[in-house]
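Asker: Sharing run.tsv (TSV, C-alpha atoms and all ligand atoms) below.
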```tsv
chain	number	residue	atom	x	y	z
A	203	MET	CA	28.13	-17.48	7.67
A	204	SER	CA	30.59	-14.61	7.86
A	205	SER	CA	31.85	-13.34	4.52
A	206	LYS	CA	35.36	-13.21	6.02
A	207	ILE	CA	35.81	-16.98	5.67
A	208	TRP	CA	35.31	-17.15	1.88
A	209	LEU	CA	38.37	-16.40	-0.21
A	210	GLY	CA	36.24	-15.17	-3.08
A	211	LYS	CA	34.52	-12.56	-0.90
A	212	LEU	CA	37.80	-10.82	-0.14
A	213	THR	CA	39.44	-8.14	-2.23
A	214	ARG	CA	43.07	-8.60	-3.14
A	215	ARG	CA	43.97	-5.93	-0.58
A	216	GLU	CA	42.03	-7.65	2.21
A	217	PHE	CA	43.63	-10.97	1.34
A	218	ARG	CA	47.14	-9.50	1.12
A	219	THR	CA	46.78	-7.66	4.43
A	220	ARG	CA	45.58	-10.73	6.30
A	221	MET	CA	48.17	-13.04	4.76
A	222	ASP	CA	51.05	-10.60	5.36
A	223	ALA	CA	49.96	-10.13	8.98
A	224	GLY	CA	50.27	-13.88	9.52
A	225	GLU	CA	46.57	-14.25	10.23
A	226	LEU	CA	45.75	-16.78	7.50
A	227	LYS	CA	47.10	-20.15	8.60
A	228	LEU	CA	44.91	-22.65	6.77
A	229	ALA	CA	43.09	-22.91	3.45
A	230	ILE	CA	40.21	-25.35	3.16
A	231	LEU	CA	39.50	-26.53	-0.37
A	232	PRO	CA	36.22	-28.44	-0.59
A	233	VAL	CA	35.99	-30.98	-3.41
A	234	ALA	CA	32.96	-33.14	-4.05
A	235	ALA	CA	30.59	-34.27	-6.81
A	236	VAL	CA	27.34	-33.37	-8.48
A	237	GLU	CA	25.81	-36.73	-9.18
A	238	GLN	CA	22.67	-38.81	-8.88
A	239	HIS	CA	21.58	-39.51	-5.30
A	240	LEU	CA	18.80	-42.03	-5.93
A	241	GLU	CA	15.29	-40.79	-6.61
A	242	HIS	CA	14.85	-38.66	-3.51
A	243	LEU	CA	17.96	-36.49	-3.00
A	244	ALA	CA	19.08	-33.57	-5.16
A	245	MET	CA	22.27	-34.12	-7.15
A	246	GLU	CA	24.14	-31.28	-5.43
A	247	HIS	CA	24.28	-33.21	-2.16
A	248	ASP	CA	28.01	-33.97	-1.95
A	249	TRP	CA	29.09	-30.52	-3.07
A	250	ARG	CA	26.66	-28.61	-0.91
A	251	SER	CA	27.47	-30.59	2.22
A	252	ALA	CA	31.25	-30.40	1.72
A	253	ARG	CA	31.06	-26.65	1.13
A	254	LEU	CA	28.86	-26.08	4.18
A	255	ILE	CA	31.12	-28.19	6.40
A	256	ALA	CA	34.18	-26.30	5.11
A	257	GLY	CA	32.50	-23.00	5.95
A	258	ALA	CA	31.40	-24.07	9.40
A	259	VAL	CA	34.89	-25.34	10.24
A	260	ALA	CA	36.46	-22.12	8.97
A	261	GLU	CA	34.12	-20.12	11.21
A	262	GLN	CA	35.23	-22.17	14.20
A	263	LEU	CA	38.82	-21.31	13.35
A	264	ALA	CA	38.22	-17.62	12.53
A	265	PRO	CA	40.13	-15.57	11.61
A	266	HIS	CA	42.79	-18.13	10.72
A	267	ALA	CA	41.07	-20.21	8.02
A	268	LEU	CA	39.75	-19.36	4.57
A	269	VAL	CA	37.60	-21.51	2.32
A	270	ALA	CA	38.87	-21.50	-1.25
A	271	GLU	CA	36.00	-21.93	-3.66
A	272	GLY	CA	36.75	-25.57	-4.38
A	273	LEU	CA	35.73	-28.03	-7.04
A	274	MET	CA	32.10	-28.99	-7.20
A	275	ALA	CA	32.39	-31.88	-9.68
A	276	GLY	CA	34.32	-35.08	-9.05
A	277	ILE	CA	35.12	-38.52	-10.40
A	278	SER	CA	31.68	-40.01	-10.99
A	279	GLU	CA	31.94	-42.25	-14.04
A	280	HIS	CA	30.32	-45.02	-11.98
A	281	HIS	CA	27.15	-42.89	-11.73
A	282	MET	CA	26.93	-41.80	-15.37
A	283	VAL	CA	24.21	-44.31	-16.21
A	284	HIS	CA	21.95	-41.89	-14.34
A	285	ARG	CA	21.65	-38.84	-16.57
A	286	GLY	CA	22.42	-35.45	-15.12
A	287	THR	CA	25.48	-36.59	-13.22
A	288	LEU	CA	28.53	-34.42	-13.92
A	289	SER	CA	31.80	-36.34	-14.05
A	290	LEU	CA	35.44	-35.40	-14.43
A	291	GLN	CA	37.97	-37.88	-15.71
A	292	PRO	CA	40.47	-38.79	-12.97
A	293	GLY	CA	43.27	-36.97	-14.77
A	294	THR	CA	41.15	-33.84	-15.16
A	295	PHE	CA	40.10	-33.88	-11.52
A	296	LEU	CA	43.66	-34.31	-10.30
A	297	ALA	CA	44.96	-31.62	-12.65
A	298	VAL	CA	42.42	-29.09	-11.34
A	299	VAL	CA	43.00	-30.01	-7.68
A	300	SER	CA	46.73	-29.69	-8.29
A	301	ASP	CA	46.33	-26.27	-9.92
A	302	LEU	CA	44.12	-25.00	-7.10
A	303	VAL	CA	46.54	-26.25	-4.44
A	304	ASP	CA	49.39	-24.66	-6.41
A	305	SER	CA	47.52	-21.34	-6.39
A	306	LEU	CA	47.02	-21.54	-2.62
A	307	VAL	CA	50.68	-22.36	-2.04
A	308	ARG	CA	51.72	-19.39	-4.18
A	309	ALA	CA	49.31	-17.22	-2.15
A	310	GLY	CA	51.29	-18.10	0.97
A	311	PHE	CA	49.37	-20.93	2.62
A	312	THR	CA	51.47	-23.59	4.32
A	313	ASN	CA	48.51	-25.65	5.58
A	314	ILE	CA	45.93	-26.76	3.04
A	315	LEU	CA	43.04	-29.10	3.79
A	316	VAL	CA	41.42	-30.61	0.71
A	317	LEU	CA	38.11	-31.52	2.30
A	318	ASN	CA	36.46	-34.26	0.30
A	319	GLY	CA	32.75	-34.99	0.07
A	320	HIS	CA	32.65	-37.79	-2.54
A	321	GLY	CA	33.92	-41.35	-2.28
A	322	GLY	CA	34.85	-41.58	-5.96
A	323	ASN	CA	37.60	-38.99	-5.48
A	324	ILE	CA	39.49	-40.98	-2.85
A	325	ALA	CA	41.43	-43.59	-4.80
A	326	ALA	CA	42.80	-41.10	-7.32
A	327	CYS	CA	43.92	-38.64	-4.66
A	328	GLU	CA	45.49	-41.25	-2.42
A	329	ALA	CA	47.45	-42.56	-5.38
A	330	VAL	CA	49.15	-39.24	-6.07
A	331	TRP	CA	49.31	-37.55	-2.65
A	332	ASP	CA	52.97	-38.36	-2.06
A	333	GLN	CA	53.71	-36.65	-5.36
A	334	PHE	CA	51.69	-33.59	-4.30
A	335	LEU	CA	53.63	-33.36	-1.03
A	336	ARG	CA	56.95	-33.46	-2.86
A	337	LYS	CA	55.79	-30.97	-5.43
A	338	PHE	CA	54.24	-28.42	-3.08
A	339	GLN	CA	56.46	-28.85	0.01
A	340	VAL	CA	53.68	-27.76	2.37
A	341	ASN	CA	51.33	-29.50	4.79
A	342	VAL	CA	48.60	-30.44	2.31
A	343	HIS	CA	46.02	-33.02	3.40
A	344	PHE	CA	43.33	-34.88	1.50
A	345	PHE	CA	40.57	-35.75	3.96
A	346	PRO	CA	37.06	-37.14	3.43
A	347	TYR	CA	34.99	-35.38	6.09
A	348	TRP	CA	33.22	-38.58	7.22
A	349	ASN	CA	36.59	-40.04	8.29
A	350	VAL	CA	35.99	-38.35	11.66
A	351	LEU	CA	32.95	-40.56	12.23
A	352	THR	CA	33.37	-43.94	13.87
A	353	LYS	CA	31.67	-47.29	13.97
A	354	GLU	CA	30.39	-46.28	17.42
A	355	ASP	CA	28.71	-43.25	15.85
A	356	ALA	CA	27.10	-45.52	13.26
A	357	ILE	CA	25.87	-47.97	15.91
A	358	GLU	CA	24.44	-45.11	17.98
A	359	LEU	CA	22.85	-43.03	15.24
A	360	LEU	CA	21.97	-45.33	12.33
A	361	ASP	CA	19.05	-47.74	12.32
A	362	SER	CA	19.79	-49.13	8.86
A	363	GLY	CA	23.20	-50.67	9.61
A	364	ALA	CA	26.65	-49.82	10.94
A	365	ARG	CA	29.00	-50.98	8.24
A	366	LEU	CA	31.74	-48.58	7.17
A	367	PRO	CA	31.69	-47.28	4.49
A	368	GLU	CA	28.53	-48.98	3.12
A	369	ASP	CA	26.23	-47.43	5.71
A	370	LEU	CA	28.46	-44.59	6.90
A	371	PRO	CA	28.71	-42.60	4.71
A	372	GLY	CA	26.91	-44.85	2.20
A	373	HIS	CA	25.41	-43.29	-0.91
A	374	ALA	CA	22.11	-41.44	-0.52
A	375	GLN	CA	21.30	-43.81	2.30
A	376	GLU	CA	20.30	-43.03	5.89
A	377	PHE	CA	23.35	-40.89	6.71
A	378	GLU	CA	23.27	-38.58	3.69
A	379	THR	CA	19.49	-38.31	3.83
A	380	ALA	CA	19.68	-37.33	7.51
A	381	ILE	CA	22.33	-34.69	6.74
A	382	ALA	CA	20.09	-33.27	4.00
A	383	LEU	CA	17.01	-33.28	6.27
A	384	HIS	CA	18.98	-31.23	8.80
A	385	LEU	CA	20.93	-28.86	6.54
A	386	PHE	CA	18.82	-28.45	3.39
A	387	PRO	CA	15.51	-30.30	3.71
A	388	GLU	CA	14.22	-28.85	0.45
A	389	ASN	CA	16.59	-31.29	-1.30
A	390	VAL	CA	14.68	-34.32	0.02
A	391	ARG	CA	11.71	-35.15	-2.18
A	392	GLN	CA	9.08	-36.12	0.33
A	393	GLU	CA	6.87	-37.85	-2.22
A	394	VAL	CA	9.47	-40.51	-3.10
A	395	TRP	CA	11.77	-40.49	-0.05
A	396	LYS	CA	9.92	-43.28	1.80
A	397	ASP	CA	8.55	-44.98	-1.28
A	398	GLN	CA	11.59	-46.65	-2.86
A	399	THR	CA	12.57	-50.30	-3.06
A	400	ASP	CA	15.58	-49.51	-0.86
A	401	PRO	CA	14.20	-48.84	2.65
A	402	LYS	CA	17.37	-47.42	4.20
A	403	PRO	CA	16.89	-43.75	3.30
A	404	SER	CA	13.45	-43.79	4.90
A	405	MET	CA	15.04	-44.38	8.31
A	406	ALA	CA	16.73	-40.96	8.29
A	407	THR	CA	15.62	-38.11	10.55
A	408	ALA	CA	16.69	-34.49	10.83
A	409	GLU	CA	17.64	-35.11	14.47
A	410	LYS	CA	20.16	-37.78	13.48
A	411	GLY	CA	21.44	-35.48	10.78
A	412	GLN	CA	22.00	-32.72	13.32
A	413	ALA	CA	23.86	-35.09	15.65
A	414	PHE	CA	26.10	-36.26	12.81
A	415	TYR	CA	26.66	-32.70	11.60
A	416	GLU	CA	27.66	-31.39	15.02
A	417	ARG	CA	30.15	-34.24	15.50
A	418	ILE	CA	31.57	-33.67	12.03
A	419	ILE	CA	32.09	-29.94	12.61
A	420	ALA	CA	33.67	-30.42	16.03
A	421	ARG	CA	36.02	-33.18	14.92
A	422	VAL	CA	37.04	-31.74	11.54
A	423	THR	CA	37.74	-28.48	13.41
A	424	ASP	CA	40.02	-30.40	15.79
A	425	TYR	CA	41.76	-32.03	12.83
A	426	ALA	CA	42.28	-28.66	11.13
A	427	ARG	CA	43.43	-26.98	14.35
A	428	ASP	CA	46.01	-29.71	14.79
A	429	MET	CA	47.26	-28.93	11.28
A	430	ILE	CA	47.62	-25.25	12.18
A	431	ASP	CA	49.31	-26.05	15.49
A	432	GLY	CA	51.86	-28.33	13.85
A	433	LYS	CA	50.52	-31.41	15.64
A	434	HIS	CA	49.29	-32.96	12.43
A	435	THR	CA	51.73	-32.66	9.58
A	436	HIS	CA	52.40	-34.86	6.59
A	437	ALA	CA	56.12	-35.39	6.27
A	438	ILE	CA	57.47	-34.68	2.81
A	439	PRO	CA	58.31	-38.14	1.43
A	440	PRO	CA	61.95	-38.73	0.49
A	441	TYR	CA	63.22	-38.31	-3.04
A	442	HIS	CA	64.74	-41.19	-4.94
A	443	PRO	CA	68.48	-41.25	-4.21
B	1	ZN	ZN	26.71	-38.38	-1.74
```
Reformat the file's structure so that it appears as structure tokens.
Ligand SMILES: [Zn+2]

Answerer:
Amino acid sequence: MSSKIWLGKLTRREFRTRMDAGELKLAILPVAAVEQHLEHLAMEHDWRSARLIAGAVAEQLAPHALVAEGLMAGISEHHMVHRGTLSLQPGTFLAVVSDLVDSLVRAGFTNILVLNGHGGNIAACEAVWDQFLRKFQVNVHFFPYWNVLTKEDAIELLDSGARLPEDLPGHAQEFETAIALHLFPENVRQEVWKDQTDPKPSMATAEKGQAFYERIIARVTDYARDMIDGKHTHAIPPYHP
């Protein structure tokens, strides 16, 4: 991927020049989790996929989108029985997301897409998003990337089931395993992948992962482009009279 899409790869002069020229119209902030993904998938799955999707979408929108470095860990208390999982308390997670969004607003961004890759982050963010909109006064969206996938996609591409969200995205099931087989197959432990009590992950293929990935990139790009073009804006909620 081009180094021009990563905020952290730019110097302050390069950033300033592009922002002042009006070129930078959207910041994508990936947030995810580093947590257990059953016996066969590496724990980085949510973070690595969210970051890769953010980068691919930013490339589609070049030179108008930058990926801020994001937040790799998320709200994963429900996975902590499996050692190695990293978890942030909900308040910690929200405080860091808020500070990162604040930094992007102060840098000049008026469209910010917090691109989520972990289900455990959803409830906390949805609960406070109205407050974020009032506080930041910009078009800031929280969006789990799999929201662009439909039941029809699940029926077409999944053999293990088509329930949303149990099967799509699911957790380390056929969908996530297929994404890993396509994007980073070294994270799938071949020796245990098809040898677990849960048979669903074994139905994944790299081809299905590629089909899902291409749909995700195309549709998240459309979503982000609509944000830039003013077709998809969150209204600032009213203040209490
Ligand atoms: Zn996951």

Asker: So that I can check the surroundings of Leu317 (chain A), please list as a ChimeraX atom specification every protein, DNA and RNA residue that reaches within 6 Å of it, counting only C-alpha atoms and ignoring chain neighbours fewer than 6 positions away.

Answerer: /A:231-232,345-346

Asker: Just the selected residues (C-alpha atoms), exported as a PDB file, in the frame of the given file, please.

Answerer:
```pdb
ATOM      1  CA  LEU A 231      39.500 -26.530  -0.370  1.00  0.00           C
ATOM      2  CA  PRO A 232      36.220 -28.440  -0.590  1.00  0.00           C
ATOM      3  CA  PHE A 345      40.570 -35.750   3.960  1.00  0.00           C
ATOM      4  CA  PRO A 346      37.060 -37.140   3.430  1.00  0.00           C
TER       5      PRO A 346
END
```

Asker: What residues of the protein or nucleic acid chains come within 6 Å of ligand ZN 1 (chain B) when you use all atoms listed in the file? Reply as a short mmCIF file (atom, residue, chain, number, x, y, z; two decimals) with C-alpha atoms, in the coordinates of the input.

Answerer:
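Wrote it out as pocket.cif, contents follow:
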```cif
data_model
loop_
_atom_site.label_atom_id
_atom_site.label_comp_id
_atom_site.auth_asym_id
_atom_site.auth_seq_id
_atom_site.Cartn_x
_atom_site.Cartn_y
_atom_site.Cartn_z
CA HIS A 247 24.28 -33.21 -2.16
CA ASP A 248 28.01 -33.97 -1.95
CA HIS A 373 25.41 -43.29 -0.91
CA ALA A 374 22.11 -41.44 -0.52
#
```

Asker: Find the residue from A:Asp431, A:Glu358, A:Glu241, A:Glu368 that sits nearest to Trp395 (chain A); use all atoms listed in the file when measuring.

Answerer: A:Glu241

Asker: Give the answer as one residue: which of A:Ala426, A:Leu296, A:Leu383, A:Leu288 has the shortest atom-to-atom distance to Met274 (chain A), using all atoms listed in the file?

Answerer: A:Leu288

Asker: In Å to one decimal, how far is CA of Leu335 (chain A) from CA of Ile438 (chain A)?

Answerer: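 A separation of 5.6 Å between them.
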
Asker: Using CA of Asp332 (chain A) and CA of Val303 (chain A) as the two end points, give the distance in Å to one decimal.

Answerer: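 Rounded to one decimal, the two atoms are 13.9 Å apart.
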
Asker: At a cut-off of 10 Å, using all atoms listed in the file, what residues contact Glu246 (chain A)? Leave out same-chain residues fewer than 5 positions from it and give the result as a PDB file with C-alpha atoms, keeping the file's coordinate frame.

Answerer:
```
ATOM      1  CA  ALA A 234      32.960 -33.140  -4.050  1.00  0.00           C
ATOM      2  CA  ALA A 235      30.590 -34.270  -6.810  1.00  0.00           C
ATOM      3  CA  VAL A 236      27.340 -33.370  -8.480  1.00  0.00           C
ATOM      4  CA  GLU A 237      25.810 -36.730  -9.180  1.00  0.00           C
ATOM      5  CA  GLN A 238      22.670 -38.810  -8.880  1.00  0.00           C
ATOM      6  CA  HIS A 239      21.580 -39.510  -5.300  1.00  0.00           C
ATOM      7  CA  SER A 251      27.470 -30.590   2.220  1.00  0.00           C
ATOM      8  CA  MET A 274      32.100 -28.990  -7.200  1.00  0.00           C
ATOM      9  CA  ALA A 275      32.390 -31.880  -9.680  1.00  0.00           C
ATOM     10  CA  THR A 287      25.480 -36.590 -13.220  1.00  0.00           C
ATOM     11  CA  ASN A 389      16.590 -31.290  -1.300  1.00  0.00           C
TER      12      ASN A 389
END
```

Asker: Given the choices A:Lys211, A:Thr379, A:Val340, A:Ile255, which gets closest to Thr312 (chain A) if the distance is worked out from all atoms listed in the file?

Answerer: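 Checking each candidate against Thr312 (chain A), we get A:Val340 as the closest.
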
Asker: Show me, as number ranges by chain, the residues that have an atom within 6 Å of Leu268 (chain A) when counting only C-alpha atoms, minus same-chain residues fewer than 4 positions from it.

Answerer: A: 207-209, 229

Asker: Quick one: residues within 8 Å of Glu261 (chain A), all atoms listed in the file, excluding same-chain residues fewer than 3 positions away - as a ChimeraX atom specification?

Answerer: /A:203-204,207,257-258,264-265,267

Asker: Provide the CA of Ala326 (chain A) to CA of Leu273 (chain A) distance in Å, to one decimal place.

Answerer: 14.9 Å

Asker: Do you know which residues are at most 8 Å from Val350 (chain A) counting all atoms listed in the file, after dropping those on the same chain fewer than 3 positions away, and could you put them as a list of chain:residue names?

Answerer: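 Result of the neighbour search: A:Tyr347, A:Ile418, A:Arg421, A:Val422.
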
Asker: Find the residue from A:Arg308, A:Arg417, A:Lys402, A:His436 that sits nearest to Asn349 (chain A); use all atoms listed in the file when measuring.

Answerer: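 Of A:Arg308, A:Arg417, A:Lys402, A:His436, the one nearest Asn349 (chain A) is A:Arg417, counting all atoms listed in the file.
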
Asker: Using all atoms listed in the file, which residue out of A:Ile419, A:Ala413, A:Ala408, A:Ala309 lies closest to Phe386 (chain A)?

Answerer: A:Ala408

Asker: Would you give the centre and edge lengths, in Å to one decimal, of a box along x, y and z around the listed atoms of region 369-386 of chain A, with 8 Å added to each side, as JSON?

Answerer:
```
{"center_x": 22.9, "center_y": -37.9, "center_z": 3.9, "size_x": 27.7, "size_y": 35.0, "size_z": 25.7}
```

Asker: Could you check the closest approach to Glu225 (chain A) for each of A:Gly293, A:Pro371, A:Gly310, A:Gly363 and tell me which residue wins, using all atoms listed in the file?

Answerer: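 Residue with the minimum atom-to-atom distance to Glu225 (chain A): A:Gly310.
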